[in-house]
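Chemist: Structure provided below as structure tokens; questions to follow.
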Amino acid sequence: QLKNTPVHEWPLANIEDGLYKFDPSHLLVEEYMDRELFTVRESDILAFVSDMIDWQRIRYVPVEDEKGKLIGMVTSRLLLRHYSKKVNHSKSTAKTVKDIMLKTPITISPDAKVKEAIDLMMKNKIGCLPVVKDGNLIGIITEENFMNITNVLLGKLR
């Protein structure tokens, strides 16, 4: 396109050229984040979110308000802590998501670099980042996404 040459006159693509120029430092969060999310509301009962985590094999569930705004996060660790207190006969008044959710989750923008997301997660010792654009939750990036990225990058080294 830079030379104003018609497409039918372009040379065929060479896969080696693309791999040689591949630079993983430019990977963006939006390229690897999960877009199909399971979310809950703060009024949902804990048994519901616990079952969702089990059925969907996920560890992080964003909490949204009626307008789709992120207002919190429930993790499998928070649920484990809640249920372990019940097993130990401690008084737990928690019944809804609102009672145990993390109220100010750290978020990231979809146009942030993957390296920035990794640094933020390592610095804060967290396993996921909700991806927010214009105040709306649009995705989530987790350690599992980074395992997939690592797998792709290692495959390119062969």
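Following the order of the structure tokens, chains are lettered A, B, ..., residues in each are numbered from 1, and ligands are numbered from 1.
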What are the closest atom pairs, with distances in Å to one decimal, for all residues of range 47-109 of chain A lying within 12 Å of range 129-153 of chain A? Consider only C-alpha atoms, order rows by chain and residue number, and present the result as CSV.

Modeler:
```
residue,atom,partner,partner_atom,distance
A:Arg57,CA,A:Glu144,CA,11.6
A:Ile58,CA,A:Glu144,CA,9.9
A:Arg59,CA,A:Thr142,CA,9.2
A:Tyr60,CA,A:Thr142,CA,8.6
A:Val61,CA,A:Ile140,CA,9.3
A:Pro62,CA,A:Pro130,CA,7.3
A:Val63,CA,A:Leu137,CA,9.7
A:Glu64,CA,A:Leu137,CA,8.2
A:Asp65,CA,A:Asn136,CA,10.4
A:Glu66,CA,A:Asn136,CA,11.6
A:Lys67,CA,A:Asn136,CA,8.7
A:Gly68,CA,A:Asn136,CA,6.3
A:Lys69,CA,A:Asn136,CA,5.2
A:Leu70,CA,A:Leu137,CA,5.9
A:Ile71,CA,A:Leu137,CA,9.6
A:Gly72,CA,A:Pro130,CA,9.6
A:Met73,CA,A:Pro130,CA,8.7
A:Val74,CA,A:Pro130,CA,11.5
A:Thr75,CA,A:Leu129,CA,11.7
A:Thr104,CA,A:Pro130,CA,10.9
A:Pro105,CA,A:Pro130,CA,7.6
A:Ile106,CA,A:Leu129,CA,6.4
A:Thr107,CA,A:Pro130,CA,5.0
A:Ile108,CA,A:Val131,CA,5.0
A:Ser109,CA,A:Val132,CA,5.5
```

Chemist: Go ahead and dump the residues you just picked, C-alpha atoms, as a short mmCIF file (atom, residue, chain, number, x, y, z; two decimals), in the first residue's frame.

Modeler:
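As written to disk, selection.cif reads:
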```cif
data_model
loop_
_atom_site.label_atom_id
_atom_site.label_comp_id
_atom_site.auth_asym_id
_atom_site.auth_seq_id
_atom_site.Cartn_x
_atom_site.Cartn_y
_atom_site.Cartn_z
CA ARG A 57 -13.77 -23.43 36.10
CA ILE A 58 -12.87 -19.81 36.70
CA ARG A 59 -11.26 -18.09 39.67
CA TYR A 60 -12.35 -14.48 39.22
CA VAL A 61 -15.83 -13.03 38.83
CA PRO A 62 -16.35 -9.31 38.22
CA VAL A 63 -19.21 -7.61 40.05
CA GLU A 64 -21.22 -5.14 37.97
CA ASP A 65 -23.98 -2.70 38.75
CA GLU A 66 -27.18 -2.42 36.68
CA LYS A 67 -25.41 -0.22 34.12
CA GLY A 68 -22.53 -2.64 33.52
CA LYS A 69 -20.04 -0.65 35.56
CA LEU A 70 -17.42 -2.62 37.47
CA ILE A 71 -17.98 -2.20 41.21
CA GLY A 72 -16.04 -5.12 42.64
CA MET A 73 -14.49 -8.55 42.23
CA VAL A 74 -15.10 -11.94 43.84
CA THR A 75 -12.29 -14.47 43.80
CA THR A 104 -11.80 -1.46 44.52
CA PRO A 105 -10.19 -3.89 42.07
CA ILE A 106 -7.14 -2.72 40.17
CA THR A 107 -8.00 -2.38 36.48
CA ILE A 108 -6.21 -1.93 33.18
CA SER A 109 -6.99 -0.40 29.80
#
```

Chemist: Listing only residues of range 41-146 of chain A within 6 Å of range 23-30 of chain A, what is the closest atom pair and its distance in Å (to one decimal) for each, using only C-alpha atoms, sorted by chain and residue number ascending, as CSV?

Modeler:
```
residue,atom,partner,partner_atom,distance
A:Pro110,CA,A:Glu30,CA,4.6
A:Asp111,CA,A:Leu28,CA,5.8
A:Ala112,CA,A:Leu28,CA,5.7
A:Lys113,CA,A:Leu28,CA,4.4
A:Val114,CA,A:Val29,CA,5.1
```

Chemist: Kindly save the residues from that selection, with C-alpha atoms included, as a PDB file, in the first residue's frame.

Modeler:
```pdb
ATOM      1  CA  PRO A 110      -7.366  -2.606  26.694  1.00  0.00           C
ATOM      2  CA  ASP A 111      -4.670  -0.637  24.870  1.00  0.00           C
ATOM      3  CA  ALA A 112      -2.094  -1.221  27.618  1.00  0.00           C
ATOM      4  CA  LYS A 113       0.867  -3.445  26.816  1.00  0.00           C
ATOM      5  CA  VAL A 114       0.792  -7.016  28.134  1.00  0.00           C
TER       6      VAL A 114
END
```

Chemist: DSSP on the backbone: what in chain A comes out alpha helix (DSSP H), as a count of residues only?

Modeler: 62

Chemist: Find the residue from A:Asp99, A:Pro11, A:Val87, A:Met33 that sits nearest to Ala117 in chain A; use only C-alpha atoms when measuring.

Modeler: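 The answer is A:Met33, which sits nearest to Ala117 in chain A.
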
Chemist: Would you kindly return, as an mmCIF file with C-alpha atoms, in the first residue's frame, each protein, DNA or RNA residue with an atom no farther than 6 Å from any atom of Thr96 in chain A, considering only C-alpha atoms and excluding same-chain residues fewer than 3 positions away?

Modeler:
```
data_model
loop_
_atom_site.group_PDB
_atom_site.id
_atom_site.type_symbol
_atom_site.label_atom_id
_atom_site.label_comp_id
_atom_site.auth_asym_id
_atom_site.auth_seq_id
_atom_site.Cartn_x
_atom_site.Cartn_y
_atom_site.Cartn_z
ATOM 1 C CA SER A 43 -27.066 -8.662 45.624
ATOM 2 C CA ASP A 44 -26.438 -12.215 44.343
ATOM 3 C CA ILE A 45 -26.126 -14.914 46.983
ATOM 4 C CA LEU A 46 -22.721 -16.433 47.668
ATOM 5 C CA ASP A 99 -20.478 -8.851 51.886
#
```

Chemist: Could you work out how far CA of Glu31 in chain A lies from CA of Val49 in chain A, giving the answer in Å with one decimal?

Modeler: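 Those two atoms sit 27.2 Å apart.
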
Chemist: Which residue gives the smallest distance to Tyr83 in chain A among A:Ala47, A:Trp55, A:Lys98, A:Lys123, with only C-alpha atoms counted?

Modeler: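 For Tyr83 in chain A, the nearest of the given residues is A:Ala47.
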